[in-house]
Every structure is written in C-alpha cells, then in structure tokens.
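Trainee: Provided herewith: coords.cif, mmCIF, C-alpha atoms.
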```cif
data_coords
#
loop_
_atom_site.label_atom_id
_atom_site.label_comp_id
_atom_site.auth_asym_id
_atom_site.auth_seq_id
_atom_site.Cartn_x
_atom_site.Cartn_y
_atom_site.Cartn_z
CA MET A 4 -60.23 -79.04 59.52
CA THR A 5 -58.25 -76.09 58.24
CA ILE A 6 -59.73 -72.83 57.04
CA LYS A 7 -58.26 -71.37 53.88
CA HIS A 8 -58.14 -67.59 53.60
CA ALA A 9 -58.38 -66.14 50.11
CA THR A 10 -55.59 -63.75 49.18
CA GLY A 11 -55.93 -60.79 46.85
CA PHE A 12 -57.85 -57.54 46.70
CA THR A 13 -61.51 -56.99 47.25
CA LEU A 14 -63.67 -55.24 44.68
CA VAL A 15 -63.98 -52.20 46.94
CA GLU A 16 -60.18 -51.87 47.23
CA LEU A 17 -59.79 -52.04 43.45
CA LEU A 18 -62.50 -49.42 42.89
CA VAL A 19 -60.94 -47.04 45.43
CA THR A 20 -57.56 -47.44 43.72
CA ILE A 21 -59.06 -46.72 40.29
CA VAL A 22 -60.83 -43.60 41.59
CA ILE A 23 -57.59 -42.29 43.16
CA VAL A 24 -55.63 -42.89 39.93
CA GLY A 25 -58.38 -41.10 37.96
CA ILE A 26 -58.26 -38.07 40.25
CA LEU A 27 -54.47 -37.88 39.99
CA ALA A 28 -54.65 -38.09 36.20
CA ALA A 29 -57.27 -35.33 36.04
CA VAL A 30 -55.08 -33.06 38.18
CA ALA A 31 -51.90 -33.78 36.18
CA LEU A 32 -53.38 -33.43 32.67
CA PRO A 33 -53.55 -29.61 32.48
CA SER A 34 -49.97 -29.16 33.64
CA MET A 35 -48.85 -31.84 31.17
CA LYS A 36 -50.51 -29.93 28.30
CA GLY A 37 -48.74 -26.75 29.41
CA LEU A 38 -45.44 -28.59 29.54
CA LEU A 39 -45.90 -29.93 26.01
CA LEU A 40 -46.83 -26.48 24.64
CA ASN A 41 -43.82 -24.94 26.39
CA ASN A 42 -41.63 -27.59 24.77
CA GLU A 43 -43.06 -26.81 21.31
CA MET A 44 -42.38 -23.11 21.84
CA SER A 45 -38.78 -23.84 22.84
CA ILE A 46 -38.30 -25.93 19.71
CA ALA A 47 -39.75 -23.15 17.51
CA GLN A 48 -37.64 -20.48 19.19
CA ASP A 49 -34.44 -22.49 18.98
CA GLY A 50 -35.14 -23.47 15.36
CA LEU A 51 -35.60 -19.85 14.31
CA ALA A 52 -32.49 -18.75 16.21
CA GLN A 53 -30.48 -21.49 14.47
CA MET A 54 -31.85 -20.43 11.08
CA LEU A 55 -30.81 -16.82 11.72
CA GLN A 56 -27.34 -17.96 12.78
CA GLN A 57 -27.09 -20.09 9.63
CA ALA A 58 -28.11 -17.08 7.50
CA LYS A 59 -25.40 -14.94 9.10
CA THR A 60 -22.80 -17.68 8.64
CA LEU A 61 -23.73 -18.19 4.96
CA ALA A 62 -23.64 -14.44 4.29
CA LEU A 63 -20.17 -14.19 5.81
CA SER A 64 -18.69 -17.33 4.26
CA ARG A 65 -20.07 -16.87 0.73
CA GLY A 66 -20.11 -13.08 0.49
CA VAL A 67 -23.81 -12.94 -0.41
CA ILE A 68 -26.95 -11.47 1.09
CA ALA A 69 -28.88 -14.00 3.17
CA LYS A 70 -32.52 -13.34 3.94
CA VAL A 71 -34.83 -14.98 6.47
CA VAL A 72 -38.49 -14.17 5.90
CA VAL A 73 -40.97 -15.09 8.62
CA ALA A 74 -44.53 -14.97 7.31
CA GLY A 75 -47.58 -16.83 8.49
CA ASN A 76 -46.41 -19.86 10.41
CA GLN A 77 -43.27 -20.43 8.36
CA ALA A 78 -39.72 -19.06 8.13
CA THR A 79 -37.69 -19.32 4.91
CA LEU A 80 -33.96 -18.78 4.36
CA THR A 81 -32.75 -17.80 0.87
CA LEU A 82 -29.51 -16.43 -0.58
CA SER A 83 -29.26 -13.47 -3.00
CA ASP A 84 -27.43 -15.52 -5.64
CA ASN A 85 -30.04 -18.33 -5.45
CA SER A 86 -27.28 -20.86 -4.81
CA SER A 87 -27.92 -24.00 -2.82
CA ILE A 88 -27.93 -23.65 0.93
CA ASP A 89 -25.72 -26.71 1.41
CA GLY A 90 -23.27 -25.55 -1.29
CA ILE A 91 -23.37 -28.84 -3.23
CA GLY A 92 -26.39 -28.35 -5.47
CA GLY A 93 -29.13 -29.00 -2.95
CA ALA A 94 -32.17 -26.85 -2.24
CA SER A 95 -31.92 -23.10 -2.78
CA SER A 96 -34.04 -22.38 0.27
CA VAL A 97 -34.69 -23.85 3.70
CA SER A 98 -38.03 -23.61 5.47
CA LEU A 99 -39.10 -24.01 9.06
CA ALA A 100 -42.78 -24.59 9.86
CA PHE A 101 -44.25 -23.53 13.20
CA SER A 102 -46.98 -25.36 15.06
CA ASN A 103 -50.56 -24.23 14.52
CA LYS A 104 -50.80 -23.93 18.32
CA MET A 105 -48.84 -20.68 18.16
CA THR A 106 -48.96 -17.36 16.37
CA VAL A 107 -45.76 -16.00 14.85
CA SER A 108 -45.28 -12.34 13.87
CA ASN A 109 -44.13 -11.46 10.35
CA GLU A 110 -40.58 -10.14 9.99
CA THR A 111 -37.66 -10.09 7.53
CA PHE A 112 -34.02 -10.40 8.55
CA THR A 113 -31.45 -9.46 5.88
CA PHE A 114 -27.78 -10.21 6.54
CA ASN A 115 -25.24 -8.50 4.26
CA PRO A 116 -21.94 -10.15 3.24
CA SER A 117 -20.34 -8.77 6.42
CA GLY A 118 -22.88 -10.60 8.59
CA VAL A 119 -24.52 -7.32 9.62
CA VAL A 120 -28.31 -6.99 9.62
CA GLN A 121 -29.10 -4.52 6.82
CA LEU A 122 -32.65 -3.75 7.82
CA ALA A 123 -33.05 -3.48 11.56
CA ALA A 124 -35.72 -5.99 12.46
CA SER A 125 -37.68 -5.65 15.67
CA GLY A 126 -37.76 -9.39 16.15
CA VAL A 127 -40.20 -12.23 15.86
CA SER A 128 -42.64 -12.89 18.66
CA ILE A 129 -43.88 -16.44 19.10
CA THR A 130 -47.13 -16.53 21.07
CA ALA A 131 -48.79 -19.70 22.29
CA THR A 132 -52.55 -20.13 22.41
CA GLY A 133 -52.32 -19.80 26.19
CA GLY A 134 -50.77 -16.33 25.91
CA THR A 135 -47.09 -17.06 26.64
CA THR A 136 -44.80 -15.06 24.32
CA ARG A 137 -41.16 -15.51 23.38
CA LEU A 138 -38.97 -13.27 21.23
CA VAL A 139 -36.19 -13.97 18.74
CA SER A 140 -34.32 -10.97 17.37
CA ALA A 141 -31.08 -9.91 15.71
CA THR A 142 -28.95 -6.99 16.79
CA PRO A 143 -27.76 -4.53 14.10
CA LEU A 144 -24.33 -6.21 14.21
CA GLY A 145 -25.85 -9.62 13.56
CA GLY A 146 -26.00 -11.08 17.05
CA ILE A 147 -28.95 -13.41 17.67
CA GLN A 148 -30.99 -12.83 20.83
CA VAL A 149 -33.50 -15.22 22.38
CA LYS A 150 -35.81 -14.02 25.15
CA HIS A 151 -38.22 -16.15 27.16
#
```
Just give me the structure as structure tokens.

Mentor:
Amino acid sequence: MTIKHATGFTLVELLVTIVIVGILAAVALPSMKGLLLNNEMSIAQDGLAQMLQQAKTLALSRGVIAKVVVAGNQATLTLSDNSSIDGIGGASSVSLAFSNKMTVSNETFTFNPSGVVQLAASGVSITATGGTTRLVSATPLGGIQVKH
C-alpha cells in the first residue's frame, strides 16, 4: 500500500501570503501617489516652458508680438496679428490646461519681435496639493528658466 501526499499550498499559507501582499501594497501606495503627482507637475512645467519657447520663436520668426497668458489653470499663446499659430490657417491660439491637483499663479509673458520679454514677468509657480512648488520664468532677454 502506498501513501499519496497531496501537493500544493495550505489555506494558512495562502492567507499569510495575501496578508503580506496587502501590507506591502499599503506601504507602497502613498509613495506611488507622490510619484504620480510629481510626474504631473513635470509635465505641466515642461509644457509651459515649451509654450514660452514657442512664443519666443514665433515672435522672432514672424516679427510679431507673442503673448502667453497664464490665468486660472490654463495658459494661452496668442499672436498680436491674430494669425494662425501653425502658419497655415489653423487655430489663432494654443491653450495648455493644468491638472486640478495643482495651483498655478497668474502671469503674462510678452515677447516682442526681437524675442525679448517686454514686460518682465516674475514667473509662474506651479504648486501641488502636497505643497511642492516649481517655477517657470523668462529672463528679460527671453531665456526660459525651469526650477524644481
């Protein structure tokens, strides 16, 4: 007579494994939320910096005044001659919306046809709900600065 041994996991082993996985998930969740918010802030900061660079480039290449207005949770790029941004009859303005998980300060950046900022702007601060703040600004000569 041979005795057969059952293979597999016992109920106790499965329950212990589930409890350990649950504890690990509970520990990792807060840092994962912070990572996602940090990523959203980077996207907002980079998007605004790119919009400012595009405004400077359009002002230089077309000889017009390019204005970026940041108000509420949105930034809008327009040209003084109301021409299309893409130069082929498309939209006359471009907008960038920021996440509702962050607060963005109001500011206006005006680039003259030489690519110089006409009105010295202090910069736009992007603040997350957790308190982390980032800054995007333009120097008087039109350089774009990004600070973490």

Trainee: Report as a list of chain:residue names the residues that result from applying the PyMOL selection byres ((chain A and resi 96) around 8) to the structure here.

Mentor: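 Given this file, the PyMOL selection byres ((chain A and resi 96) around 8) evaluates to A:Thr79, A:Leu80, A:Thr81, A:Leu82, A:Ser87, A:Ile88, A:Ala94, A:Ser95, A:Val97, A:Ser98.
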
Trainee: Per residue of segment 36-67 of chain A within 8 Å of segment 125-149 of chain A, what are the shortest atom pair and its distance in Å to one decimal, counting all atoms listed in the file, with rows by chain and residue number, as a tab-separated table?

Mentor:
```
residue	atom	partner	partner_atom	distance
A:Leu40	CA	A:Ala131	CA	7.4
A:Met44	CA	A:Ala131	CA	7.3
A:Gln48	CA	A:Val139	CA	6.7
A:Leu51	CA	A:Val139	CA	7.4
A:Ala52	CA	A:Val139	CA	6.6
A:Leu55	CA	A:Ile147	CA	7.1
A:Gln56	CA	A:Ile147	CA	6.9
A:Lys59	CA	A:Gly145	CA	7.0
```

Trainee: Let me have the centre and edge lengths in Å, one decimal, of the box along x, y and z around every listed atom of segment 57-72 of chain A with 8 Å of margin on each side, as lines of an AutoDock Vina configuration file.

Mentor:
```
center_x = -28.6
center_y = -15.8
center_z = 4.6
size_x = 35.8
size_y = 24.6
size_z = 26.0
```

Trainee: Just checking: using all atoms listed in the file, which residue out of A:Phe101, A:Thr111, A:Asn42, A:Lys36 ends up closest to Val72 of chain A?

Mentor: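 Comparing A:Phe101, A:Thr111, A:Asn42, A:Lys36 against Val72 of chain A, the winner is A:Thr111.
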
Trainee: To one decimal in Å, tell me the separation between atom CA of Lys70 of chain A and atom CA of Glu43 of chain A.

Mentor: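 Taking atom CA of Lys70 of chain A as the start and atom CA of Glu43 of chain A as the end point, the length is 24.4 Å.
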